[in-house]
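> Once you've had a glance at the structure underneath, I'll fire off some questions.
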Amino acid sequence: MSSVNLEKEKKYNTWIVVLSIVIPIVVALLFRVKIDFELPVFLPPIYAAINAITALVLVIAVYMIKNGNRNTHERLMKFAIVLSVLFLVMYVLHHMTSDSTSYEGAYRGVYLFILISHIVLSVAVIPFVLITYVRAITNNIERHKKIARITFPLWLYVAVTGVAVYLMISPYYA
């Protein structure tokens with residue numbers, strides 16, 4: 001790896017740290033904000049579908065890069081990032097405009113494990129996604145590959161468990 005690429009990568013480190021801290025804090029703070037406004041659509045099935053599409057896009061993107069289709073891989077990964085941001089915006093909007101729903105089913109322990117691991121890893125994956133992306137755009141491909149091996153399963157887990165959480169909680173929505 002060239003020192004030029006490493007220097008390019010280092011330029012982004014402050015942003016990665018700031019975003020990795022600010023995003024979870026802002027989301028947590030926004031959860032405390034309640035807006036008396038009814039959205040024209042019910043968001044949970046929409047953002048669950050976005051999570052499902054994200055999981056599919058991630059899998060296809062890995063398939064593409066393994067088969068040498070770098071351009072398609074790049075476009076799909078950018079799309080996955082856009083989908084994740086869209087999910088986050090809708091998720092926060094839903095929680096700002098609706099009361100929380102609790103799971104009351106027989107598999108409460110399983111649900112809580114999936115939910116808690118989903119939340120913890122959704123925060124943890126932020127710096128991984130950002131670092132992986134920066135290493136790609138700065139052409140630090142070997143370092144990109146190394147961290148992508150960690151980022152991919154984390155991000156995929158978050159996307160899939162987001163769908164699982166929705167499917168388990170959906171019968172309990174008012």
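In the structure tokens, the first chain shown is A, the next is B, and so on; residue numbers restart at 1 for each chain, and ligands run from 1 in the order shown.
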Could you tell me, as a PyMOL selection string, which residues of stretch 85-156 of chain A DSSP assigns to helix (DSSP H, G or I) when given the backbone?
chain A and resi 85-97+108-137+141-156
> Using only C-alpha atoms, what table do you get, as JSON lines, when you list each residue of stretch 26-106 of chain A with an atom no more than 12 Å from stretch 154-172 of chain A, its nearest pair of atoms, and their distance in Å rounded to one decimal, rows by chain then rising number?

{"residue": "A:Phe42", "atom": "CA", "partner": "A:Ser170", "partner_atom": "CA", "distance": 11.4}
{"residue": "A:Leu43", "atom": "CA", "partner": "A:Tyr166", "partner_atom": "CA", "distance": 10.9}
{"residue": "A:Pro44", "atom": "CA", "partner": "A:Tyr166", "partner_atom": "CA", "distance": 7.0}
{"residue": "A:Pro45", "atom": "CA", "partner": "A:Tyr166", "partner_atom": "CA", "distance": 7.4}
{"residue": "A:Ile46", "atom": "CA", "partner": "A:Tyr166", "partner_atom": "CA", "distance": 10.2}
{"residue": "A:Tyr47", "atom": "CA", "partner": "A:Val163", "partner_atom": "CA", "distance": 8.6}
{"residue": "A:Ala48", "atom": "CA", "partner": "A:Val163", "partner_atom": "CA", "distance": 5.1}
{"residue": "A:Ala49", "atom": "CA", "partner": "A:Val163", "partner_atom": "CA", "distance": 7.3}
{"residue": "A:Ile50", "atom": "CA", "partner": "A:Ala159", "partner_atom": "CA", "distance": 8.6}
{"residue": "A:Asn51", "atom": "CA", "partner": "A:Ala159", "partner_atom": "CA", "distance": 4.8}
{"residue": "A:Ala52", "atom": "CA", "partner": "A:Val163", "partner_atom": "CA", "distance": 6.3}
{"residue": "A:Ile53", "atom": "CA", "partner": "A:Ala159", "partner_atom": "CA", "distance": 8.5}
{"residue": "A:Thr54", "atom": "CA", "partner": "A:Ala159", "partner_atom": "CA", "distance": 6.4}
{"residue": "A:Ala55", "atom": "CA", "partner": "A:Ala159", "partner_atom": "CA", "distance": 5.4}
{"residue": "A:Leu56", "atom": "CA", "partner": "A:Leu156", "partner_atom": "CA", "distance": 8.7}
{"residue": "A:Val57", "atom": "CA", "partner": "A:Leu156", "partner_atom": "CA", "distance": 9.6}
{"residue": "A:Leu58", "atom": "CA", "partner": "A:Leu156", "partner_atom": "CA", "distance": 6.9}
{"residue": "A:Val59", "atom": "CA", "partner": "A:Leu156", "partner_atom": "CA", "distance": 8.0}
{"residue": "A:Ile60", "atom": "CA", "partner": "A:Leu156", "partner_atom": "CA", "distance": 11.5}
{"residue": "A:Ala61", "atom": "CA", "partner": "A:Leu156", "partner_atom": "CA", "distance": 11.6}
{"residue": "A:Val62", "atom": "CA", "partner": "A:Leu156", "partner_atom": "CA", "distance": 11.0}
{"residue": "A:Met77", "atom": "CA", "partner": "A:Trp155", "partner_atom": "CA", "distance": 11.4}
{"residue": "A:Ala80", "atom": "CA", "partner": "A:Trp155", "partner_atom": "CA", "distance": 9.8}
{"residue": "A:Ile81", "atom": "CA", "partner": "A:Trp155", "partner_atom": "CA", "distance": 10.3}
{"residue": "A:Leu83", "atom": "CA", "partner": "A:Ala159", "partner_atom": "CA", "distance": 10.4}
{"residue": "A:Ser84", "atom": "CA", "partner": "A:Ala159", "partner_atom": "CA", "distance": 8.7}
{"residue": "A:Phe87", "atom": "CA", "partner": "A:Ala159", "partner_atom": "CA", "distance": 10.0}
{"residue": "A:Leu88", "atom": "CA", "partner": "A:Gly162", "partner_atom": "CA", "distance": 11.3}
{"residue": "A:Tyr91", "atom": "CA", "partner": "A:Gly162", "partner_atom": "CA", "distance": 10.8}
{"residue": "A:Ser100", "atom": "CA", "partner": "A:Tyr172", "partner_atom": "CA", "distance": 10.3}
{"residue": "A:Thr101", "atom": "CA", "partner": "A:Tyr172", "partner_atom": "CA", "distance": 6.7}
{"residue": "A:Ser102", "atom": "CA", "partner": "A:Tyr172", "partner_atom": "CA", "distance": 7.1}
{"residue": "A:Tyr103", "atom": "CA", "partner": "A:Ile169", "partner_atom": "CA", "distance": 5.6}
{"residue": "A:Glu104", "atom": "CA", "partner": "A:Tyr172", "partner_atom": "CA", "distance": 7.5}
{"residue": "A:Gly105", "atom": "CA", "partner": "A:Met168", "partner_atom": "CA", "distance": 8.4}
{"residue": "A:Ala106", "atom": "CA", "partner": "A:Met168", "partner_atom": "CA", "distance": 10.5}
> Show me, as a tab-separated table, the residues of stretch 9-80 of chain A having an atom within 10 Å of stretch 122-140 of chain A, each with the closest atom pair and its distance in Å, using only C-alpha atoms.

residue	atom	partner	partner_atom	distance
A:Glu9	CA	A:Thr138	CA	6.0
A:Lys10	CA	A:Val134	CA	9.2
A:Lys11	CA	A:Val134	CA	9.6
A:Tyr12	CA	A:Val134	CA	7.1
A:Asn13	CA	A:Ile131	CA	8.0
A:Trp15	CA	A:Leu130	CA	9.0
A:Ile16	CA	A:Leu130	CA	6.1
A:Val17	CA	A:Pro127	CA	7.2
A:Val18	CA	A:Pro127	CA	9.6
A:Leu19	CA	A:Pro127	CA	7.9
A:Ser20	CA	A:Pro127	CA	5.4
A:Ile21	CA	A:Val123	CA	8.9
A:Ile23	CA	A:Val123	CA	8.5
A:Pro24	CA	A:Val123	CA	6.4
A:Ile25	CA	A:Val123	CA	9.9
A:Glu74	CA	A:Ala136	CA	8.7
A:Met77	CA	A:Tyr133	CA	8.5
A:Lys78	CA	A:Tyr133	CA	8.7
> Neighbours of A:Pro40 within 12 Å (only C-alpha atoms; same-chain residues fewer than 4 positions away dropped), as a list in words?
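The residues satisfying every condition are Leu93, His94 and Thr97 of chain A.
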> Measuring atom to atom with only C-alpha atoms, identify which of A:Lys66, A:Arg32, A:Arg75, A:Lys8 is nearest to A:Lys145.
A:Lys66
> Using atom CA of A:Met96 and atom CA of A:Gly109 as the two end points, give the distance in Å to one decimal.
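Those two atoms sit 26.3 Å apart.
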